[in-house]
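Participant: Structure file data-v7.pdb (PDB, C-alpha atoms, pLDDT in the B column) is given on the next line.
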ATOM      1  CA  MET A  78     131.664  -3.600  75.032  1.00 71.00           C
ATOM      2  CA  PRO A  79     131.581  -1.536  78.274  1.00 85.00           C
ATOM      3  CA  VAL A  80     133.085  -3.531  81.126  1.00 92.00           C
ATOM      4  CA  ARG A  81     129.878  -3.535  83.171  1.00 90.00           C
ATOM      5  CA  PHE A  82     128.137  -5.440  80.366  1.00 92.00           C
ATOM      6  CA  ARG A  83     130.572  -8.343  80.231  1.00 96.00           C
ATOM      7  CA  LYS A  84     129.242 -11.911  80.368  1.00 97.00           C
ATOM      8  CA  THR A  85     130.343 -12.618  83.940  1.00 98.00           C
ATOM      9  CA  LEU A  86     130.401 -10.344  86.984  1.00 98.00           C
ATOM     10  CA  LEU A  87     132.494 -11.202  90.040  1.00 98.00           C
ATOM     11  CA  LEU A  88     130.680  -9.581  92.945  1.00 98.00           C
ATOM     12  CA  ASP A  89     132.268  -8.500  96.182  1.00 98.00           C
ATOM     13  CA  LEU A  90     129.955  -8.886  99.184  1.00 98.00           C
ATOM     14  CA  ASP A  91     130.683  -6.512 102.070  1.00 98.00           C
ATOM     15  CA  GLY A  92     130.396  -2.902 100.966  1.00 97.00           C
ATOM     16  CA  THR A  93     129.090  -3.898  97.544  1.00 98.00           C
ATOM     17  CA  LEU A  94     125.947  -5.980  97.963  1.00 98.00           C
ATOM     18  CA  LEU A  95     125.252  -5.139 101.578  1.00 98.00           C
ATOM     19  CA  ASP A  96     126.394  -2.839 104.359  1.00 98.00           C
ATOM     20  CA  PRO A  97     127.791  -5.147 107.062  1.00 97.00           C
ATOM     21  CA  GLY A  98     129.258  -2.414 109.275  1.00 97.00           C
ATOM     22  CA  PRO A  99     127.547  -2.985 112.631  1.00 96.00           C
ATOM     23  CA  GLY A 100     128.014  -6.757 112.560  1.00 98.00           C
ATOM     24  CA  ILE A 101     131.647  -6.770 111.461  1.00 97.00           C
ATOM     25  CA  VAL A 102     132.751  -3.934 113.724  1.00 97.00           C
ATOM     26  CA  GLY A 103     130.834  -5.299 116.711  1.00 97.00           C
ATOM     27  CA  SER A 104     132.269  -8.777 116.249  1.00 98.00           C
ATOM     28  CA  PHE A 105     135.758  -7.342 115.784  1.00 97.00           C
ATOM     29  CA  ARG A 106     135.509  -5.365 119.012  1.00 97.00           C
ATOM     30  CA  HIS A 107     134.351  -8.512 120.814  1.00 97.00           C
ATOM     31  CA  ALA A 108     137.258 -10.509 119.401  1.00 98.00           C
ATOM     32  CA  MET A 109     139.871  -7.933 120.390  1.00 98.00           C
ATOM     33  CA  GLU A 110     138.474  -7.626 123.896  1.00 97.00           C
ATOM     34  CA  SER A 111     138.454 -11.416 124.238  1.00 97.00           C
ATOM     35  CA  VAL A 112     142.237 -11.549 123.737  1.00 97.00           C
ATOM     36  CA  GLY A 113     142.937  -8.625 126.045  1.00 96.00           C
ATOM     37  CA  ALA A 114     143.353  -5.937 123.394  1.00 96.00           C
ATOM     38  CA  PRO A 115     140.150  -3.879 123.556  1.00 96.00           C
ATOM     39  CA  VAL A 116     139.616  -1.134 120.987  1.00 96.00           C
ATOM     40  CA  PRO A 117     138.518   2.321 122.230  1.00 94.00           C
ATOM     41  CA  GLU A 118     134.837   2.957 121.537  1.00 93.00           C
ATOM     42  CA  ASP A 119     135.598   6.191 119.711  1.00 94.00           C
ATOM     43  CA  GLN A 120     138.039   4.576 117.264  1.00 95.00           C
ATOM     44  CA  ASP A 121     136.752   4.372 113.689  1.00 95.00           C
ATOM     45  CA  LEU A 122     137.003   0.786 112.460  1.00 96.00           C
ATOM     46  CA  ALA A 123     135.468   1.130 109.008  1.00 94.00           C
ATOM     47  CA  TRP A 124     138.898   0.385 107.518  1.00 94.00           C
ATOM     48  CA  ILE A 125     138.716  -3.271 108.631  1.00 96.00           C
ATOM     49  CA  ILE A 126     135.836  -3.955 106.227  1.00 95.00           C
ATOM     50  CA  GLY A 127     137.218  -5.371 103.000  1.00 90.00           C
ATOM     51  CA  PRO A 128     140.726  -6.731 103.659  1.00 90.00           C
ATOM     52  CA  PRO A 129     141.148 -10.336 104.875  1.00 90.00           C
ATOM     53  CA  LEU A 130     140.415 -10.322 108.601  1.00 94.00           C
ATOM     54  CA  ARG A 131     143.150 -12.860 109.343  1.00 94.00           C
ATOM     55  CA  VAL A 132     145.758 -10.475 107.931  1.00 93.00           C
ATOM     56  CA  THR A 133     144.303  -7.522 109.854  1.00 95.00           C
ATOM     57  CA  LEU A 134     144.470  -9.420 113.153  1.00 96.00           C
ATOM     58  CA  GLN A 135     147.999 -10.628 112.480  1.00 95.00           C
ATOM     59  CA  THR A 136     149.018  -7.024 111.879  1.00 94.00           C
ATOM     60  CA  LEU A 137     147.420  -5.738 115.076  1.00 95.00           C
ATOM     61  CA  LEU A 138     148.360  -8.572 117.432  1.00 95.00           C
ATOM     62  CA  ALA A 139     152.030  -9.407 117.955  1.00 90.00           C
ATOM     63  CA  LYS A 140     151.519 -13.024 118.973  1.00 94.00           C
ATOM     64  CA  PRO A 141     150.283 -15.460 116.282  1.00 94.00           C
ATOM     65  CA  ALA A 142     148.386 -17.388 118.967  1.00 96.00           C
ATOM     66  CA  ASP A 143     146.477 -14.215 119.905  1.00 95.00           C
ATOM     67  CA  ALA A 144     145.605 -13.556 116.263  1.00 96.00           C
ATOM     68  CA  ASP A 145     144.345 -17.116 115.830  1.00 96.00           C
ATOM     69  CA  ALA A 146     142.291 -16.894 119.040  1.00 97.00           C
ATOM     70  CA  ALA A 147     140.853 -13.519 118.046  1.00 97.00           C
ATOM     71  CA  LEU A 148     139.849 -14.878 114.649  1.00 96.00           C
ATOM     72  CA  GLN A 149     137.946 -17.735 116.286  1.00 97.00           C
ATOM     73  CA  HIS A 150     136.252 -15.354 118.744  1.00 98.00           C
ATOM     74  CA  TYR A 151     135.285 -13.161 115.805  1.00 97.00           C
ATOM     75  CA  ARG A 152     133.831 -16.045 113.820  1.00 96.00           C
ATOM     76  CA  ASP A 153     131.817 -17.357 116.744  1.00 97.00           C
ATOM     77  CA  HIS A 154     130.381 -13.924 117.538  1.00 97.00           C
ATOM     78  CA  TYR A 155     129.733 -13.091 113.895  1.00 97.00           C
ATOM     79  CA  ALA A 156     127.931 -16.390 113.256  1.00 95.00           C
ATOM     80  CA  ALA A 157     125.685 -15.940 116.288  1.00 96.00           C
ATOM     81  CA  TRP A 158     125.013 -12.202 115.991  1.00 97.00           C
ATOM     82  CA  GLY A 159     127.056 -10.169 113.530  1.00 97.00           C
ATOM     83  CA  LEU A 160     125.877 -11.920 110.385  1.00 96.00           C
ATOM     84  CA  TYR A 161     122.376 -10.532 110.885  1.00 96.00           C
ATOM     85  CA  GLN A 162     123.472  -6.936 111.565  1.00 97.00           C
ATOM     86  CA  ALA A 163     123.628  -5.886 107.934  1.00 98.00           C
ATOM     87  CA  ALA A 164     121.398  -4.489 105.217  1.00 98.00           C
ATOM     88  CA  PRO A 165     121.390  -4.790 101.398  1.00 98.00           C
ATOM     89  CA  TYR A 166     122.088  -1.529  99.612  1.00 98.00           C
ATOM     90  CA  PRO A 167     118.976   0.057  98.076  1.00 98.00           C
ATOM     91  CA  GLY A 168     118.571  -0.932  94.451  1.00 97.00           C
ATOM     92  CA  ILE A 169     121.121  -3.757  94.433  1.00 98.00           C
ATOM     93  CA  PHE A 170     118.588  -6.591  94.155  1.00 97.00           C
ATOM     94  CA  GLU A 171     116.879  -4.944  91.197  1.00 97.00           C
ATOM     95  CA  ALA A 172     120.191  -4.361  89.424  1.00 97.00           C
ATOM     96  CA  LEU A 173     121.337  -7.959  89.883  1.00 98.00           C
ATOM     97  CA  GLN A 174     117.968  -9.319  88.793  1.00 98.00           C
ATOM     98  CA  GLU A 175     118.156  -7.256  85.609  1.00 97.00           C
ATOM     99  CA  ARG A 176     121.716  -8.348  84.867  1.00 97.00           C
ATOM    100  CA  ARG A 177     120.835 -12.009  85.441  1.00 97.00           C
ATOM    101  CA  ALA A 178     117.732 -11.726  83.246  1.00 97.00           C
ATOM    102  CA  ALA A 179     120.023 -10.412  80.501  1.00 96.00           C
ATOM    103  CA  GLY A 180     122.033 -13.642  80.670  1.00 97.00           C
ATOM    104  CA  VAL A 181     124.937 -12.386  82.786  1.00 97.00           C
ATOM    105  CA  ARG A 182     126.522 -14.869  85.202  1.00 98.00           C
ATOM    106  CA  LEU A 183     126.848 -13.556  88.745  1.00 98.00           C
ATOM    107  CA  LEU A 184     129.561 -15.101  90.923  1.00 98.00           C
ATOM    108  CA  LEU A 185     130.278 -14.036  94.486  1.00 98.00           C
ATOM    109  CA  CYS A 186     133.952 -13.236  95.043  1.00 98.00           C
ATOM    110  CA  THR A 187     134.496 -12.212  98.652  1.00 97.00           C
ATOM    111  CA  ALA A 188     137.259 -12.010 101.250  1.00 95.00           C
ATOM    112  CA  LYS A 189     134.810 -13.547 103.721  1.00 95.00           C
ATOM    113  CA  ALA A 190     135.276 -17.287 104.254  1.00 95.00           C
ATOM    114  CA  ALA A 191     133.171 -19.134 101.671  1.00 97.00           C
ATOM    115  CA  VAL A 192     131.169 -21.160 104.195  1.00 96.00           C
ATOM    116  CA  ILE A 193     130.236 -17.978 106.070  1.00 96.00           C
ATOM    117  CA  ALA A 194     129.538 -16.008 102.895  1.00 97.00           C
ATOM    118  CA  ALA A 195     127.138 -18.740 101.760  1.00 98.00           C
ATOM    119  CA  LYS A 196     125.113 -18.244 104.955  1.00 97.00           C
ATOM    120  CA  VAL A 197     125.090 -14.470 104.465  1.00 98.00           C
ATOM    121  CA  VAL A 198     123.808 -14.536 100.880  1.00 98.00           C
ATOM    122  CA  GLU A 199     121.209 -17.147 101.807  1.00 98.00           C
ATOM    123  CA  HIS A 200     119.937 -15.102 104.760  1.00 98.00           C
ATOM    124  CA  PHE A 201     119.692 -11.851 102.798  1.00 98.00           C
ATOM    125  CA  GLY A 202     118.157 -13.398  99.689  1.00 98.00           C
ATOM    126  CA  PHE A 203     121.034 -13.101  97.215  1.00 98.00           C
ATOM    127  CA  ALA A 204     121.609 -16.844  96.822  1.00 98.00           C
ATOM    128  CA  PRO A 205     119.047 -17.423  94.023  1.00 98.00           C
ATOM    129  CA  LEU A 206     120.765 -14.760  91.897  1.00 98.00           C
ATOM    130  CA  LEU A 207     124.252 -16.253  92.196  1.00 98.00           C
ATOM    131  CA  SER A 208     125.675 -19.054  90.063  1.00 98.00           C
ATOM    132  CA  ALA A 209     128.352 -19.793  92.689  1.00 98.00           C
ATOM    133  CA  VAL A 210     129.888 -18.490  95.909  1.00 98.00           C
ATOM    134  CA  TYR A 211     133.662 -18.140  96.157  1.00 98.00           C
ATOM    135  CA  GLY A 212     135.698 -17.077  99.176  1.00 97.00           C
ATOM    136  CA  PRO A 213     138.732 -18.206 101.172  1.00 97.00           C
ATOM    137  CA  ASP A 214     138.872 -21.517 103.004  1.00 96.00           C
ATOM    138  CA  LEU A 215     138.671 -21.354 106.796  1.00 94.00           C
ATOM    139  CA  ASP A 216     142.366 -22.245 107.017  1.00 93.00           C
ATOM    140  CA  GLY A 217     143.343 -19.135 105.048  1.00 92.00           C
ATOM    141  CA  ARG A 218     143.808 -20.615 101.585  1.00 95.00           C
ATOM    142  CA  PHE A 219     142.762 -17.958  99.049  1.00 97.00           C
ATOM    143  CA  ASP A 220     142.851 -15.133 101.612  1.00 95.00           C
ATOM    144  CA  ASP A 221     144.727 -13.306  98.860  1.00 96.00           C
ATOM    145  CA  LYS A 222     141.926 -12.099  96.590  1.00 97.00           C
ATOM    146  CA  GLY A 223     144.159 -12.203  93.539  1.00 98.00           C
ATOM    147  CA  ASP A 224     144.662 -15.921  94.144  1.00 98.00           C
ATOM    148  CA  LEU A 225     140.922 -16.316  94.681  1.00 98.00           C
ATOM    149  CA  ILE A 226     140.108 -14.650  91.360  1.00 98.00           C
ATOM    150  CA  ALA A 227     142.689 -16.821  89.591  1.00 98.00           C
ATOM    151  CA  ARG A 228     140.970 -19.871  91.067  1.00 98.00           C
ATOM    152  CA  ILE A 229     137.539 -18.684  89.903  1.00 98.00           C
ATOM    153  CA  LEU A 230     138.780 -18.111  86.371  1.00 98.00           C
ATOM    154  CA  ASP A 231     140.319 -21.589  86.331  1.00 98.00           C
ATOM    155  CA  VAL A 232     137.428 -23.504  87.914  1.00 98.00           C
ATOM    156  CA  GLU A 233     134.759 -21.744  85.850  1.00 98.00           C
ATOM    157  CA  GLY A 234     136.818 -21.781  82.637  1.00 98.00           C
ATOM    158  CA  LEU A 235     136.413 -18.035  82.187  1.00 98.00           C
ATOM    159  CA  ASP A 236     138.135 -15.747  79.685  1.00 98.00           C
ATOM    160  CA  PRO A 237     139.321 -12.645  81.620  1.00 98.00           C
ATOM    161  CA  GLY A 238     138.278 -10.572  78.616  1.00 96.00           C
ATOM    162  CA  GLU A 239     134.651 -11.482  79.331  1.00 97.00           C
ATOM    163  CA  VAL A 240     134.774 -10.916  83.106  1.00 98.00           C
ATOM    164  CA  CYS A 241     134.378  -7.833  85.277  1.00 98.00           C
ATOM    165  CA  MET A 242     134.936  -7.412  89.023  1.00 98.00           C
ATOM    166  CA  VAL A 243     132.469  -5.291  90.998  1.00 98.00           C
ATOM    167  CA  GLY A 244     133.769  -4.073  94.348  1.00 98.00           C
ATOM    168  CA  ASP A 245     134.209  -1.182  96.746  1.00 98.00           C
ATOM    169  CA  ARG A 246     137.853  -1.412  97.885  1.00 97.00           C
ATOM    170  CA  GLU A 247     141.295  -1.027  96.355  1.00 97.00           C
ATOM    171  CA  HIS A 248     141.950  -4.686  97.166  1.00 95.00           C
ATOM    172  CA  ASP A 249     139.217  -5.691  94.703  1.00 98.00           C
ATOM    173  CA  VAL A 250     140.676  -3.522  91.950  1.00 98.00           C
ATOM    174  CA  ARG A 251     144.260  -4.673  92.358  1.00 98.00           C
ATOM    175  CA  ALA A 252     143.390  -8.357  92.771  1.00 98.00           C
ATOM    176  CA  ALA A 253     141.314  -8.275  89.588  1.00 98.00           C
ATOM    177  CA  SER A 254     143.986  -6.366  87.675  1.00 98.00           C
ATOM    178  CA  ARG A 255     146.554  -9.062  88.500  1.00 98.00           C
ATOM    179  CA  ASN A 256     144.337 -11.448  86.552  1.00 98.00           C
ATOM    180  CA  GLY A 257     143.652  -9.167  83.601  1.00 98.00           C
ATOM    181  CA  VAL A 258     140.142  -8.344  84.825  1.00 98.00           C
ATOM    182  CA  PRO A 259     138.856  -4.730  85.010  1.00 98.00           C
ATOM    183  CA  THR A 260     136.834  -3.457  87.952  1.00 98.00           C
ATOM    184  CA  VAL A 261     133.669  -1.434  88.276  1.00 98.00           C
ATOM    185  CA  GLY A 262     134.136   0.381  91.583  1.00 98.00           C
ATOM    186  CA  VAL A 263     131.054   1.108  93.679  1.00 98.00           C
ATOM    187  CA  ALA A 264     131.245   4.447  95.459  1.00 98.00           C
ATOM    188  CA  TRP A 265     128.530   3.546  97.979  1.00 98.00           C
ATOM    189  CA  GLY A 266     130.818   1.131  99.839  1.00 97.00           C
ATOM    190  CA  TYR A 267     133.739   1.549 102.237  1.00 96.00           C
ATOM    191  CA  GLY A 268     136.550   2.553  99.900  1.00 96.00           C
ATOM    192  CA  GLY A 269     135.104   5.639  98.271  1.00 95.00           C
ATOM    193  CA  ARG A 270     135.680   7.203  94.872  1.00 97.00           C
ATOM    194  CA  GLU A 271     139.204   8.467  95.598  1.00 97.00           C
ATOM    195  CA  GLU A 272     140.512   5.089  96.773  1.00 97.00           C
ATOM    196  CA  LEU A 273     138.957   3.286  93.813  1.00 98.00           C
ATOM    197  CA  ALA A 274     140.313   5.786  91.294  1.00 98.00           C
ATOM    198  CA  ARG A 275     143.796   5.622  92.801  1.00 98.00           C
ATOM    199  CA  ALA A 276     143.754   1.827  92.547  1.00 98.00           C
ATOM    200  CA  GLY A 277     142.800   2.003  88.862  1.00 98.00           C
ATOM    201  CA  ALA A 278     139.104   1.112  88.691  1.00 98.00           C
ATOM    202  CA  GLU A 279     137.935   1.120  85.074  1.00 97.00           C
ATOM    203  CA  LEU A 280     134.625   2.740  86.015  1.00 97.00           C
ATOM    204  CA  ILE A 281     133.196   4.105  89.259  1.00 98.00           C
ATOM    205  CA  ILE A 282     129.444   4.159  89.800  1.00 98.00           C
ATOM    206  CA  GLU A 283     127.294   5.907  92.394  1.00 97.00           C
ATOM    207  CA  HIS A 284     124.148   3.725  92.330  1.00 97.00           C
ATOM    208  CA  PRO A 285     123.415   0.047  91.561  1.00 97.00           C
ATOM    209  CA  SER A 286     121.211   1.020  88.621  1.00 97.00           C
ATOM    210  CA  GLU A 287     124.377   2.082  86.795  1.00 97.00           C
ATOM    211  CA  LEU A 288     125.367  -1.581  86.597  1.00 96.00           C
ATOM    212  CA  CYS A 289     122.562  -1.791  84.072  1.00 93.00           C
ATOM    213  CA  GLY A 290     123.637   1.312  82.172  1.00 85.00           C
ATOM    214  CA  ARG A 291     121.150   3.659  83.785  1.00 74.00           C
ATOM    215  CA  ALA A 292     122.193   6.869  85.570  1.00 59.00           C
TER     216      ALA A 292
END
How does this structure look as structure tokens?
Facilitator:
Amino acid sequence: MPVRFRKTLLLDLDGTLLDPGPGIVGSFRHAMESVGAPVPEDQDLAWIIGPPLRVTLQTLLAKPADADAALQHYRDHYAAWGLYQAAPYPGIFEALQERRAAGVRLLLCTAKAAVIAAKVVEHFGFAPLLSAVYGPDLDGRFDDKGDLIARILDVEGLDPGEVCMVGDREHDVRAASRNGVPTVGVAWGYGGREELARAGAELIIEHPSELCGRA
């Protein structure tokens, strides 16, 4: 059976279901400025979308206290403003509705904190299509997406041979592979075809309709 037709799909959020660029980047800039490390306006920050934000901040800021403060500034700004500065990718709702109607279980598997991700999918109308929402705890537990996928497989009692990850970044591909799960890479997100292929995505698609086997 082609991997995209497996019984359960683990769905990344940012860059896969919706384009969150303006909200994430704007909130990130606010957070960095709040701790005295402003980012030049002309600096491309698309690379921050996908990896765990806590890890990104710890890499950029030498002092752990600054990274912790920046993360809180980010969360406050994102909750009040950034969350709403996003848009679902054209065709994604229709594809998920078709997959769900065919009996496929759809589980959110995101690097965004679970409590925040739940608000995002509710606001943008994805919640009714999802059987569950999984993401890291606010304290950083399950920031590692491989650990998060392992937890999902355990909690849901899933056979990796019947599961497929759907995501746009190399982190999705490698985290899934660690758990024996193949990935359908989505080229419309932030990683791009080359990154996904290099990471070992089983299949790379250009449009959500291809999740349903249509070109």
Participant: Using the chain letters and numbers from this file, what does the PyMOL selection byres ((chain A and resi 253) around 9) select? Give the answer as a PyMOL selection string.
Facilitator: chain A and resi 222-223+226-227+241-242+248-252+254-260
Participant: Rounded to one decimal, what separation in Å do you get between atom CA of A:Leu122 and atom CA of A:Ser104?
Facilitator: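 The value is 11.3 Å.
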Participant: Of the residues A:Leu88, A:Leu134, A:Leu184, A:Ala123, which is the one nearest to A:Gln149, using only C-alpha atoms?
Facilitator: A:Leu134
Participant: Using all atoms listed in the file, find the one residue out of A:Val261, A:Ile282, A:Val132, A:Glu272 that sits nearest to A:Phe219.
Facilitator: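 Closest to A:Phe219 of all the choices is A:Val132.
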Participant: Find, counting all atoms listed in the file, the residue in A:Pro79, A:Gly159, A:Gly244, A:Pro141 that gets nearest to A:Arg106.
Facilitator: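 Smallest separation from A:Arg106 among the options: A:Gly159.
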Participant: Provide the atom CA of A:Gly217 to atom CA of A:Leu230 distance in Å, to one decimal place.
Facilitator: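 Spanning atom CA of A:Gly217 to atom CA of A:Leu230 is a straight-line distance of 19.3 Å.
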Participant: Any idea what's packed within 12 Å of A:Phe201, counting all atoms listed in the file, ignoring anything in its chain fewer than 6 positions away? Could you give it as a ChimeraX atom specification?
Facilitator: /A:90,94-97,160-166,169-170,194-195
Participant: Can you sort out the box for stretch 124-134 of chain A, edges along x, y and z, all listed atoms in, 8 Å on every side, with centre and edge lengths in Å to one decimal, as AutoDock Vina command-line options?
Facilitator:
--center_x 140.8 --center_y -6.2 --center_z 108.1 --size_x 25.9 --size_y 29.2 --size_z 26.2
